[in-house]
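*Asks:* My questions will all concern the structure given below.
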Amino acid sequence: MRHFGHIAPATREGLFFQEPCEFGPDSSARLLSAALGATLYSPATRPRLADDVVKQAGRGVVSMVLCLEDSIDDSEVAGAEENLVRQFAELDARGAEAPLLFIRVREPGQITDLVHRLGATVRMLSGFVLPKFTEERGVPFMEALTKAEKACGRRLFAMPVLESPELLYLETRGETLRGIARTVDKYRERVLALRLGVTDFCSAYGLRRAPDMTAYDVQIVGAVIADVVNVLGRADGTGFTITGPVWEYFRLQERMFKPQLRRSPFLEGRAEELRTALIEHDLDGLLREIGLDRANGLLGKTCIHPSHVAPVHALSVVSHEEFSDAEDILRPERGGGGVMRSAYTNKMNEVKPHRAWAERTLLRAEVFGVARQDVGFVELLAAGLAE
């Protein structure tokens, strides 16, 4: 699979200076953690889940979480587990291309039980999402994952969700973060990415952000995100990929844009029309939040609606200017440091301070591609939405 792989090759060639690379479940953890993109959540109770998975893969989704936790009622868990086993069997029988698939569990015992029940179809599973992760609750999850790996003979990743009250409350945050850091470092080879559960953070104080506000505008949430990145997102080799929080609003309906998008992936001069429509349908807040995710060191995003996928992926593509700066900074002859004017002559690039940024940018360029000089977000979004 590859990002933007669902659009025509000729269209992709016109959009990208460097096209996104191909990757799959067996790719390196470093590559997969950057490639997760918009991770789409779906309740595990959906009766046509296999159809949903195939459909979303055809629309550009590369990672999905099938949820047994907060998205379903407590009374539905047993039926949802049975449904997952059936749906994995159907997916396997079809042989269709599927995204990277993860199961969000409630208890450690579900990991080993589900791997056993999935049997041979476990080959379609990339790992598990672990809720309300702390050191105390996380260790049993990671031990269960280790046992499940040995039982099925294949690599399974963990994606812990950082959402517990202990992480939110100021008096316990420091020790909770240190405990999480100890746990994920111990099991580093199995931790693909860390996910932020901002909805649970807001719930602890009876808060809910409006569609014109980002998670960072809720200062108590923004403070937690900053501390998580501070401890767990460092660029010195000790950090992990941390994904952006969920965006709750989805009034946008893609079909509203289909007539204008079908004419041309480049909109034939109608970029401003689409830009206005996006703002009017509550995506302005999402776009701002994605930008703030990037500015604060987060990559990828939890999504609960398919309409969020294309904007997340379009804004993940590296611009030609970013790529030019990153390559310039990392030239071998720059190894000794120094400062130079950028090729775009609008900034100064300092080799040593900007090196970590440049390395992260080139990794993102590998998985999401580099846009041509005259291609921007609207063109990439239009191509991602067009059938």
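Letters A, B, ... go to the chains of the structure tokens in the order shown; residues in each chain start at 1; ligands are counted from 1 in the same order.
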Name all residues at most 6 Å from range 182-198 of chain A (count only C-alpha atoms; drop same-chain ones fewer than 5 positions away) and give them as a ChimeraX atom specification.
*Replies:* /A:33,135,157-163,241-243,245
*Asks:* Determine which residues of range 72-230 of chain A receive a DSSP assignment of strand (DSSP E or B), computed from the backbone, and state them as a list of chain:residue names.
*Replies:*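 Checking each residue of range 72-230 of chain A, the strand (DSSP E or B) ones are A:Leu100, A:Leu101, A:Phe102, A:Ile103, A:Arg104, A:Leu125, A:Ser126, A:Gly127, A:Phe128, A:Val129, A:Leu130, A:Phe157, A:Ala158, A:Met159, A:Pro160, A:Val161, A:Leu162, A:Val191, A:Leu194, A:Arg195, A:Leu196.
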*Asks:* Restricting the output to N, CA, C and O atoms, write the selected residues as a compact mmCIF listing (two decimals), in the first residue's frame.
*Replies:*
# COMPACT_ATOMS: atom_id res chain seq x y z
N LEU A 100 -3.65 -1.39 7.53
CA LEU A 100 -3.10 -1.94 8.75
C LEU A 100 -4.23 -2.00 9.77
O LEU A 100 -4.88 -0.99 10.05
N LEU A 101 -4.50 -3.17 10.34
CA LEU A 101 -5.64 -3.35 11.23
C LEU A 101 -5.17 -3.57 12.67
O LEU A 101 -4.29 -4.39 12.93
N PHE A 102 -5.81 -2.83 13.58
CA PHE A 102 -5.53 -2.95 15.00
C PHE A 102 -6.85 -3.15 15.73
O PHE A 102 -7.89 -2.66 15.30
N ILE A 103 -6.81 -3.85 16.84
CA ILE A 103 -8.00 -4.05 17.68
C ILE A 103 -7.80 -3.32 18.99
O ILE A 103 -6.76 -3.49 19.66
N ARG A 104 -8.77 -2.50 19.34
CA ARG A 104 -8.72 -1.81 20.63
C ARG A 104 -9.45 -2.67 21.66
O ARG A 104 -10.65 -2.93 21.53
N LEU A 125 -3.75 -9.03 11.12
CA LEU A 125 -3.75 -8.14 12.28
C LEU A 125 -2.37 -7.55 12.52
O LEU A 125 -1.38 -8.29 12.58
N SER A 126 -2.29 -6.24 12.66
CA SER A 126 -1.01 -5.59 12.92
C SER A 126 -0.74 -5.35 14.40
O SER A 126 0.40 -5.12 14.79
N GLY A 127 -1.80 -5.37 15.23
CA GLY A 127 -1.55 -5.17 16.65
C GLY A 127 -2.78 -4.74 17.41
O GLY A 127 -3.92 -4.88 16.93
N PHE A 128 -2.53 -4.20 18.61
CA PHE A 128 -3.61 -3.85 19.52
C PHE A 128 -3.44 -2.42 20.03
O PHE A 128 -2.31 -1.94 20.22
N VAL A 129 -4.57 -1.76 20.27
CA VAL A 129 -4.60 -0.45 20.89
C VAL A 129 -4.97 -0.66 22.36
O VAL A 129 -5.96 -1.33 22.67
N LEU A 130 -4.16 -0.08 23.25
CA LEU A 130 -4.27 -0.36 24.69
C LEU A 130 -4.79 0.88 25.41
O LEU A 130 -4.09 1.89 25.49
N PHE A 157 2.14 -5.22 17.09
CA PHE A 157 2.49 -3.95 17.69
C PHE A 157 1.47 -3.53 18.75
O PHE A 157 0.31 -3.94 18.71
N ALA A 158 1.93 -2.67 19.65
CA ALA A 158 1.04 -2.03 20.62
C ALA A 158 0.97 -0.54 20.31
O ALA A 158 1.97 0.08 19.94
N MET A 159 -0.22 0.02 20.47
CA MET A 159 -0.39 1.47 20.43
C MET A 159 -1.11 1.87 21.72
O MET A 159 -2.34 1.84 21.80
N PRO A 160 -0.35 2.21 22.76
CA PRO A 160 -0.95 2.66 24.02
C PRO A 160 -1.68 4.00 23.83
O PRO A 160 -1.22 4.87 23.09
N VAL A 161 -2.82 4.13 24.52
CA VAL A 161 -3.56 5.39 24.51
C VAL A 161 -3.33 6.09 25.83
O VAL A 161 -3.59 5.53 26.91
N LEU A 162 -2.84 7.30 25.79
CA LEU A 162 -2.57 8.09 26.99
C LEU A 162 -3.79 8.95 27.26
O LEU A 162 -4.02 9.96 26.59
N VAL A 191 6.23 -1.16 20.62
CA VAL A 191 5.41 0.05 20.67
C VAL A 191 5.54 0.81 19.36
O VAL A 191 6.59 1.38 19.06
N LEU A 194 2.31 6.18 20.22
CA LEU A 194 1.51 6.54 21.38
C LEU A 194 0.36 7.43 20.90
O LEU A 194 0.58 8.36 20.13
N ARG A 195 -0.84 7.14 21.39
CA ARG A 195 -2.02 7.90 20.97
C ARG A 195 -2.56 8.70 22.14
O ARG A 195 -2.50 8.27 23.30
N LEU A 196 -3.09 9.89 21.86
CA LEU A 196 -3.62 10.78 22.88
C LEU A 196 -5.14 10.67 22.94
O LEU A 196 -5.82 10.83 21.92
*Asks:* Considering only C-alpha atoms, give me a table of residues in range 22-139 of chain A that are at most 12 Å from range 364-376 of chain A, with the closest atom pair and distance in Å for each, as a tab-separated table.
*Replies:*
residue	atom	partner	partner_atom	distance
A:Glu22	CA	A:Val367	CA	7.6
A:Phe23	CA	A:Val367	CA	8.1
A:Gly24	CA	A:Val367	CA	11.3
A:Ser27	CA	A:Val367	CA	11.6
A:Arg30	CA	A:Val367	CA	10.7
A:Leu31	CA	A:Val367	CA	7.4
A:Leu32	CA	A:Val367	CA	8.6
A:Ser33	CA	A:Val367	CA	10.0
A:Ala34	CA	A:Arg364	CA	6.5
A:Ala35	CA	A:Val367	CA	5.6
A:Leu36	CA	A:Val367	CA	9.2
A:Gly37	CA	A:Phe368	CA	8.7
A:Ala38	CA	A:Phe368	CA	11.7
A:Gly60	CA	A:Phe368	CA	11.8
A:Val62	CA	A:Val367	CA	11.3
*Asks:* Residues at most 12 Å from Val53 in chain A, counting only C-alpha atoms, excluding those fewer than 3 positions away in the same chain, as a compact mmCIF listing (two decimals) with N, CA, C and O atoms, in the first residue's frame?
*Replies:*
# COMPACT_ATOMS: atom_id res chain seq x y z
N LEU A 40 -8.41 5.48 11.24
CA LEU A 40 -9.87 5.52 11.31
C LEU A 40 -10.38 4.47 12.28
O LEU A 40 -10.08 3.28 12.14
N TYR A 41 -11.16 4.92 13.26
CA TYR A 41 -11.75 4.01 14.25
C TYR A 41 -13.14 3.56 13.78
O TYR A 41 -13.90 4.34 13.20
N SER A 42 -13.46 2.31 14.09
CA SER A 42 -14.78 1.76 13.77
C SER A 42 -15.21 0.82 14.88
O SER A 42 -14.40 0.00 15.34
N PRO A 43 -16.47 0.90 15.33
CA PRO A 43 -16.93 -0.06 16.34
C PRO A 43 -16.86 -1.48 15.80
O PRO A 43 -17.21 -1.74 14.65
N ALA A 44 -16.44 -2.41 16.64
CA ALA A 44 -16.29 -3.81 16.22
C ALA A 44 -17.63 -4.51 16.08
O ALA A 44 -17.68 -5.68 15.68
N ARG A 46 -20.03 -3.58 14.00
CA ARG A 46 -20.64 -3.35 12.69
C ARG A 46 -20.81 -4.66 11.92
O ARG A 46 -19.82 -5.40 11.72
N PRO A 47 -22.04 -4.97 11.49
CA PRO A 47 -22.29 -6.28 10.88
C PRO A 47 -21.60 -6.48 9.53
O PRO A 47 -21.36 -7.61 9.12
N ARG A 48 -21.29 -5.39 8.83
CA ARG A 48 -20.61 -5.49 7.52
C ARG A 48 -19.21 -4.88 7.62
O ARG A 48 -18.76 -4.16 6.74
N LEU A 49 -18.53 -5.20 8.70
CA LEU A 49 -17.23 -4.61 8.97
C LEU A 49 -16.22 -4.92 7.87
O LEU A 49 -15.42 -4.06 7.49
N ALA A 50 -16.23 -6.12 7.36
CA ALA A 50 -15.29 -6.48 6.29
C ALA A 50 -15.51 -5.59 5.07
O ALA A 50 -14.55 -5.13 4.44
N GLN A 56 -12.94 1.44 2.80
CA GLN A 56 -12.05 2.52 3.26
C GLN A 56 -10.65 2.38 2.69
O GLN A 56 -10.00 3.38 2.39
N ALA A 57 -10.19 1.15 2.50
CA ALA A 57 -8.89 0.96 1.85
C ALA A 57 -8.91 1.55 0.45
O ALA A 57 -7.94 2.15 -0.01
N GLY A 58 -10.04 1.39 -0.24
CA GLY A 58 -10.18 1.94 -1.58
C GLY A 58 -10.29 3.44 -1.63
O GLY A 58 -10.19 4.05 -2.69
N ARG A 59 -10.49 4.05 -0.47
CA ARG A 59 -10.59 5.52 -0.40
C ARG A 59 -9.34 6.15 0.20
O ARG A 59 -9.34 7.34 0.51
N GLY A 60 -8.30 5.36 0.42
CA GLY A 60 -7.03 5.93 0.86
C GLY A 60 -6.70 5.73 2.32
O GLY A 60 -5.65 6.20 2.79
N VAL A 61 -7.53 5.02 3.08
CA VAL A 61 -7.23 4.75 4.48
C VAL A 61 -6.15 3.67 4.56
O VAL A 61 -6.26 2.63 3.90
N VAL A 62 -5.11 3.90 5.35
CA VAL A 62 -4.04 2.91 5.47
C VAL A 62 -3.94 2.31 6.86
O VAL A 62 -3.17 1.37 7.07
N SER A 63 -4.70 2.83 7.83
CA SER A 63 -4.70 2.23 9.17
C SER A 63 -6.08 2.38 9.78
O SER A 63 -6.70 3.44 9.69
N MET A 64 -6.56 1.30 10.41
CA MET A 64 -7.87 1.29 11.05
C MET A 64 -7.78 0.62 12.41
O MET A 64 -6.99 -0.30 12.61
N VAL A 65 -8.62 1.09 13.33
CA VAL A 65 -8.75 0.47 14.65
C VAL A 65 -10.17 -0.04 14.78
O VAL A 65 -11.13 0.72 14.60
N LEU A 66 -10.31 -1.31 15.08
CA LEU A 66 -11.61 -1.94 15.28
C LEU A 66 -11.82 -2.02 16.79
O LEU A 66 -11.08 -2.70 17.50
N LEU A 84 -15.79 -9.87 15.22
CA LEU A 84 -14.43 -9.66 14.72
C LEU A 84 -13.87 -10.94 14.12
O LEU A 84 -13.25 -10.91 13.05
N GLN A 87 -15.52 -11.47 10.78
CA GLN A 87 -15.14 -10.48 9.77
C GLN A 87 -13.70 -10.66 9.30
O GLN A 87 -13.39 -10.47 8.12
N PHE A 88 -12.80 -11.05 10.20
CA PHE A 88 -11.43 -11.35 9.79
C PHE A 88 -11.40 -12.54 8.84
O PHE A 88 -10.65 -12.56 7.86
N GLU A 90 -13.77 -13.39 6.82
CA GLU A 90 -14.30 -12.94 5.53
C GLU A 90 -13.25 -12.14 4.77
O GLU A 90 -13.07 -12.31 3.56
N LEU A 91 -12.55 -11.26 5.46
CA LEU A 91 -11.49 -10.48 4.81
C LEU A 91 -10.41 -11.39 4.26
O LEU A 91 -9.92 -11.20 3.14
N ASP A 92 -10.04 -12.37 5.04
CA ASP A 92 -8.99 -13.30 4.61
C ASP A 92 -9.43 -14.08 3.38
O ASP A 92 -8.65 -14.29 2.45
N ARG A 94 -11.52 -13.18 1.10
CA ARG A 94 -11.57 -12.30 -0.08
C ARG A 94 -10.20 -12.08 -0.69
O ARG A 94 -10.07 -11.86 -1.90
N ALA A 96 -8.61 -9.43 -0.35
CA ALA A 96 -8.58 -8.03 -0.76
C ALA A 96 -7.54 -7.25 0.03
O ALA A 96 -7.18 -7.63 1.16
N GLU A 97 -7.05 -6.17 -0.55
CA GLU A 97 -6.10 -5.32 0.16
C GLU A 97 -6.80 -4.63 1.31
O GLU A 97 -7.88 -4.05 1.15
N ALA A 98 -6.20 -4.68 2.49
CA ALA A 98 -6.78 -4.06 3.68
C ALA A 98 -5.76 -3.10 4.28
O ALA A 98 -4.55 -3.25 4.09
N PRO A 99 -6.23 -2.12 5.04
CA PRO A 99 -5.30 -1.25 5.77
C PRO A 99 -4.59 -2.04 6.87
O PRO A 99 -4.89 -3.21 7.13
N LEU A 100 -3.65 -1.39 7.53
CA LEU A 100 -3.10 -1.94 8.75
C LEU A 100 -4.23 -2.00 9.77
O LEU A 100 -4.88 -0.99 10.05
N LEU A 101 -4.50 -3.17 10.34
CA LEU A 101 -5.64 -3.35 11.23
C LEU A 101 -5.17 -3.57 12.67
O LEU A 101 -4.29 -4.39 12.93
N PHE A 102 -5.81 -2.83 13.58
CA PHE A 102 -5.53 -2.95 15.00
C PHE A 102 -6.85 -3.15 15.73
O PHE A 102 -7.89 -2.66 15.30
N MET A 124 -3.68 -10.98 9.28
CA MET A 124 -4.21 -9.70 8.83
C MET A 124 -4.19 -8.65 9.94
O MET A 124 -4.57 -7.49 9.72
N PRO A 306 -14.83 9.13 8.11
CA PRO A 306 -14.04 9.06 6.87
C PRO A 306 -13.73 10.42 6.25
O PRO A 306 -12.72 10.56 5.55
*Asks:* Using the chain letters and numbers from this document, which residues of range 99-295 of chain A does DSSP assign to helix (DSSP H, G or I), as a ChimeraX atom specification?
*Replies:* /A:108-124,135-152,165-168,170-186,188-190,198-203,215-217,219-232,254-256,258-263,267-269,271-280,283-295
*Asks:* Tell me which of A:Ala29, A:Leu145, A:Leu232, A:Met348 sits closest to Arg178 in chain A, counting only C-alpha atoms.
*Replies:*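 Closest to Arg178 in chain A of all the choices is A:Leu232.
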*Asks:* Got a sec: who's within 12 Å of Ala223 in chain A, counting only C-alpha atoms, leaving out chain neighbours fewer than 2 positions off, as a list in words?
*Replies:*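 Using only C-alpha atoms, the neighbours found are Leu167, Leu168, Tyr169, Leu170, Arg173, Val198, Phe201, Ala215, Tyr216, Asp217, Val218, Gln219, Ile220, Val221, Ile225, Ala226, Asp227, Val228, Val229, Asn230 and Asn296 of chain A.
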*Asks:* Taking into account only C-alpha atoms, which residue in the set A:Glu248, A:Asp293, A:Glu136, A:Asp51 is nearest to Glu166 in chain A?
*Replies:*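 Ranking A:Glu248, A:Asp293, A:Glu136, A:Asp51 by distance to Glu166 in chain A, first place goes to A:Glu136.
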*Asks:* In Å, rounded to a single decimal, give me how far CA of Leu299 in chain A is from CA of Gly244 in chain A.
*Replies:* 6.3 Å
*Asks:* Kindly give the distance, in Å, that separates CA of Glu322 in chain A and CA of Ala358 in chain A, rounded to a single decimal.
*Replies:* 8.4 Å
*Asks:* So how many Å separate CA of Leu286 in chain A and CA of Pro311 in chain A, to one decimal?
*Replies:*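 Computed distance, CA of Leu286 in chain A to CA of Pro311 in chain A, equals 8.4 Å.
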*Asks:* For Asp236 in chain A, which of A:Cys21, A:Cys303, A:Ala356, A:Leu114 is the closest residue, counting only C-alpha atoms?
*Replies:*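 For Asp236 in chain A, the nearest of the candidates is A:Ala356.
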*Asks:* Between A:Gly153, A:Ala295, A:Gly138, A:Asp113, which residue has the minimum interatomic distance to Gly179 in chain A, considering only C-alpha atoms?
*Replies:*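 Closest to Gly179 in chain A of all the choices is A:Gly138.
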